[in-house]
$ cat query.cif   # mmCIF, C-alpha atoms and all ligand atoms; chains and numbers go by the auth columns
data_target
loop_
_atom_site.group_PDB
_atom_site.id
_atom_site.type_symbol
_atom_site.label_atom_id
_atom_site.label_comp_id
_atom_site.label_asym_id
_atom_site.label_seq_id
_atom_site.Cartn_x
_atom_site.Cartn_y
_atom_site.Cartn_z
_atom_site.B_iso_or_equiv
_atom_site.auth_seq_id
_atom_site.auth_asym_id
ATOM 1 C CA MET A 1 -18.318 -21.266 -32.681 0.00 1 U
ATOM 2 C CA SER A 2 -16.503 -18.524 -34.608 0.00 2 U
ATOM 3 C CA PRO A 3 -15.133 -15.443 -32.800 0.00 3 U
ATOM 4 C CA GLU A 4 -17.606 -13.161 -34.578 0.00 4 U
ATOM 5 C CA LYS A 5 -20.496 -15.129 -33.177 0.00 5 U
ATOM 6 C CA LYS A 6 -19.264 -14.513 -29.648 0.00 6 U
ATOM 7 C CA THR A 7 -19.316 -10.736 -29.874 0.00 7 U
ATOM 8 C CA SER A 8 -22.594 -10.344 -31.738 0.00 8 U
ATOM 9 C CA GLY A 9 -25.108 -12.980 -30.938 0.00 9 U
ATOM 10 C CA THR A 10 -27.148 -13.061 -27.800 0.00 10 U
ATOM 11 C CA CYS A 11 -27.882 -10.735 -24.927 0.00 11 U
ATOM 12 C CA ILE A 12 -25.310 -11.059 -22.174 0.00 12 U
ATOM 13 C CA LEU A 13 -27.990 -10.836 -19.551 0.00 13 U
ATOM 14 C CA CYS A 14 -31.030 -12.749 -20.746 0.00 14 U
ATOM 15 C CA GLY A 15 -29.551 -14.732 -23.632 0.00 15 U
ATOM 16 C CA LYS A 16 -32.105 -13.587 -26.226 0.00 16 U
ATOM 17 C CA PRO A 17 -30.888 -12.992 -29.778 0.00 17 U
ATOM 18 C CA LEU A 18 -29.621 -9.452 -30.218 0.00 18 U
ATOM 19 C CA PRO A 19 -31.534 -7.089 -32.499 0.00 19 U
ATOM 20 C CA PRO A 20 -29.467 -5.273 -35.142 0.00 20 U
ATOM 21 C CA LYS A 21 -27.179 -2.474 -33.854 0.00 21 U
ATOM 22 C CA ARG A 22 -27.159 -3.875 -30.350 0.00 22 U
ATOM 23 C CA VAL A 23 -23.795 -5.204 -29.184 0.00 23 U
ATOM 24 C CA ALA A 24 -24.180 -6.567 -25.697 0.00 24 U
ATOM 25 C CA TYR A 25 -27.764 -6.366 -24.501 0.00 25 U
ATOM 26 C CA CYS A 26 -31.022 -6.939 -26.335 0.00 26 U
ATOM 27 C CA SER A 27 -32.712 -3.889 -24.810 0.00 27 U
ATOM 28 C CA PRO A 28 -32.090 -0.850 -22.634 0.00 28 U
ATOM 29 C CA THR A 29 -33.878 -2.735 -19.880 0.00 29 U
ATOM 30 C CA CYS A 30 -31.269 -5.479 -19.943 0.00 30 U
ATOM 31 C CA ALA A 31 -28.440 -2.956 -20.164 0.00 31 U
ATOM 32 C CA LYS A 32 -29.827 -1.094 -17.173 0.00 32 U
ATOM 33 C CA ARG A 33 -30.335 -4.272 -15.204 0.00 33 U
ATOM 34 C CA ALA A 34 -26.820 -5.453 -15.980 0.00 34 U
ATOM 35 C CA TYR A 35 -25.477 -2.076 -14.919 0.00 35 U
ATOM 36 C CA ASP A 36 -27.418 -2.241 -11.651 0.00 36 U
ATOM 37 C CA ILE A 37 -26.101 -5.732 -10.976 0.00 37 U
ATOM 38 C CA ARG A 38 -22.544 -4.594 -11.651 0.00 38 U
ATOM 39 C CA GLN A 39 -22.944 -1.607 -9.357 0.00 39 U
ATOM 40 C CA ARG A 40 -24.404 -3.757 -6.622 0.00 40 U
ATOM 41 C CA ASP A 41 -21.567 -6.261 -6.938 0.00 41 U
ATOM 42 C CA LYS A 42 -19.038 -3.465 -6.852 0.00 42 U
ATOM 43 C CA GLU A 43 -20.588 -1.919 -3.777 0.00 43 U
ATOM 44 C CA ALA A 44 -20.776 -5.268 -2.022 0.00 44 U
ATOM 45 C CA GLU A 45 -17.162 -5.925 -2.916 0.00 45 U
ATOM 46 C CA GLU A 46 -16.118 -2.509 -1.625 0.00 46 U
ATOM 47 C CA ARG A 47 -17.976 -3.108 1.614 0.00 47 U
ATOM 48 C CA GLU A 48 -16.297 -6.505 1.982 0.00 48 U
ATOM 49 C CA LYS A 49 -12.884 -4.963 1.335 0.00 49 U
ATOM 50 C CA GLU A 50 -13.540 -2.181 3.807 0.00 50 U
ATOM 51 C CA LYS A 51 -14.574 -4.725 6.424 0.00 51 U
ATOM 52 C CA GLU A 52 -11.394 -6.719 5.797 0.00 52 U
ATOM 53 C CA ARG A 53 -9.309 -3.570 6.066 0.00 53 U
ATOM 54 C CA LEU A 54 -10.897 -2.617 9.365 0.00 54 U
ATOM 55 C CA LYS A 55 -10.497 -6.120 10.721 0.00 55 U
ATOM 56 C CA GLU A 56 -6.877 -6.256 9.641 0.00 56 U
ATOM 57 C CA SER A 57 -5.934 -2.878 11.073 0.00 57 U
ATOM 58 C CA ALA A 58 -7.729 -3.677 14.311 0.00 58 U
ATOM 59 C CA ALA A 59 -5.915 -6.989 14.590 0.00 59 U
ATOM 60 C CA LYS A 60 -2.631 -5.320 13.759 0.00 60 U
ATOM 61 C CA LYS A 61 -3.189 -2.661 16.372 0.00 61 U
ATOM 62 C CA ARG A 62 -4.021 -5.249 18.995 0.00 62 U
ATOM 63 C CA LYS A 63 -0.974 -7.307 18.133 0.00 63 U
ATOM 64 C CA THR A 64 1.496 -4.470 17.920 0.00 64 U
ATOM 65 C CA LYS A 65 0.281 -2.807 21.098 0.00 65 U
ATOM 66 C CA LYS A 66 -1.160 -5.213 23.619 0.00 66 U
ATOM 67 C CA GLN A 67 0.643 -8.416 22.684 0.00 67 U
ATOM 68 C CA ILE A 68 4.040 -6.822 22.455 0.00 68 U
ATOM 69 C CA ASP A 69 3.464 -4.958 25.706 0.00 69 U
ATOM 70 C CA ALA A 70 2.413 -8.188 27.374 0.00 70 U
ATOM 71 C CA SER A 71 5.381 -10.206 26.175 0.00 71 U
ATOM 72 C CA TRP A 72 7.735 -7.376 27.038 0.00 72 U
ATOM 73 C CA ALA A 73 6.353 -7.208 30.557 0.00 73 U
ATOM 74 C CA ARG A 74 6.742 -10.951 30.893 0.00 74 U
ATOM 75 C CA ILE A 75 10.312 -10.891 29.616 0.00 75 U
ATOM 76 C CA LEU A 76 11.317 -7.977 31.822 0.00 76 U
ATOM 77 C CA LYS A 77 9.828 -9.684 34.855 0.00 77 U
ATOM 78 C CA GLY A 78 11.622 -12.914 33.987 0.00 78 U
ATOM 79 C CA MET A 79 14.901 -11.054 33.495 0.00 79 U
ATOM 80 C CA GLN A 80 14.585 -9.481 36.926 0.00 80 U
ATOM 81 C CA LYS A 81 13.702 -12.798 38.516 0.00 81 U
ATOM 82 C CA THR A 82 16.493 -14.794 36.884 0.00 82 U
ATOM 83 C CA GLY A 83 19.102 -12.062 36.644 0.00 83 U
ATOM 84 C CA LEU A 84 19.744 -13.026 33.021 0.00 84 U
ATOM 85 C CA SER A 85 20.309 -10.574 30.209 0.00 85 U
ATOM 86 C CA TYR A 86 17.613 -10.087 27.620 0.00 86 U
ATOM 87 C CA GLY A 87 19.343 -12.317 25.106 0.00 87 U
ATOM 88 C CA GLU A 88 19.992 -15.080 27.585 0.00 88 U
ATOM 89 C CA TYR A 89 16.515 -14.957 28.993 0.00 89 U
ATOM 90 C CA VAL A 90 14.833 -15.014 25.592 0.00 90 U
ATOM 91 C CA ALA A 91 17.058 -17.851 24.388 0.00 91 U
ATOM 92 C CA ARG A 92 16.310 -19.907 27.487 0.00 92 U
ATOM 93 C CA TYR A 93 12.656 -19.203 28.191 0.00 93 U
ATOM 94 C CA GLU A 94 11.038 -17.517 25.236 0.00 94 U
ATOM 95 C CA ASP A 95 12.587 -19.370 22.340 0.00 95 U
ATOM 96 C CA GLY A 96 9.983 -20.900 20.115 0.00 96 U
ATOM 97 C CA LYS A 97 7.172 -18.957 21.735 0.00 97 U
ATOM 98 C CA SER A 98 5.379 -16.341 19.753 0.00 98 U
HETATM 99 ZN ZN ZN B . -31.631 -9.135 -22.773 0.00 101 X
#
$ encode --input "query.cif" --output "structure tokens" --more "lines below"
Ligand SMILES: [Zn+2]
Amino acid sequence: MSPEKKTSGTCILCGKPLPPKRVAYCSPTCAKRAYDIRQRDKEAEEREKEKERLKESAAKKRKTKKQIDASWARILKGMQKTGLSYGEYVARYEDGKS
């Protein structure tokens, strides 16, 4: 297939041969439908992205707040119990934990 055939040949949407003067779609109907499909895809993609963003920020918030608070509380308690410094305690009891 030659490169010229690729650009002017058949309708991108339905595959029918293109009438003269038409470049991508055989009819306004196909152009409109293709546009609608693109818009729908874009909207769906945006919604997906937004969902991901919300999920990520929620997870981040949870991790940065609750999990760090919890591990801090545990470490502080352990430090008091053992009398070790933070560095010593973490090296002995918390190393490798996350
Ligand atoms: Zn068409």
$ residues_near_ligand --input "query.cif" --ligand "ligand ZN 101 (chain X)" --cutoff "7 Å" --atoms "all atoms listed in the file" --output "CSV table (one decimal) with C-alpha atoms, in the coordinates of the input"
chain,number,residue,atom,x,y,z
U,11,CYS,CA,-27.9,-10.7,-24.9
U,12,ILE,CA,-25.3,-11.1,-22.2
U,13,LEU,CA,-28.0,-10.8,-19.6
U,14,CYS,CA,-31.0,-12.7,-20.7
U,15,GLY,CA,-29.6,-14.7,-23.6
U,16,LYS,CA,-32.1,-13.6,-26.2
U,25,TYR,CA,-27.8,-6.4,-24.5
U,26,CYS,CA,-31.0,-6.9,-26.3
U,27,SER,CA,-32.7,-3.9,-24.8
U,30,CYS,CA,-31.3,-5.5,-19.9
$ residues_around --input "query.cif" --residues "U:Gly87" --least-positions-apart "5" --cutoff "12 Å" --atoms "all atoms listed in the file" --output "ChimeraX atom specification"
/U:75-76,78-79,92-95
$ atom_distance --input "query.cif" --atom1 "atom CA of U:Gln39" --atom2 "atom CA of U:Leu54"
22.3 Å
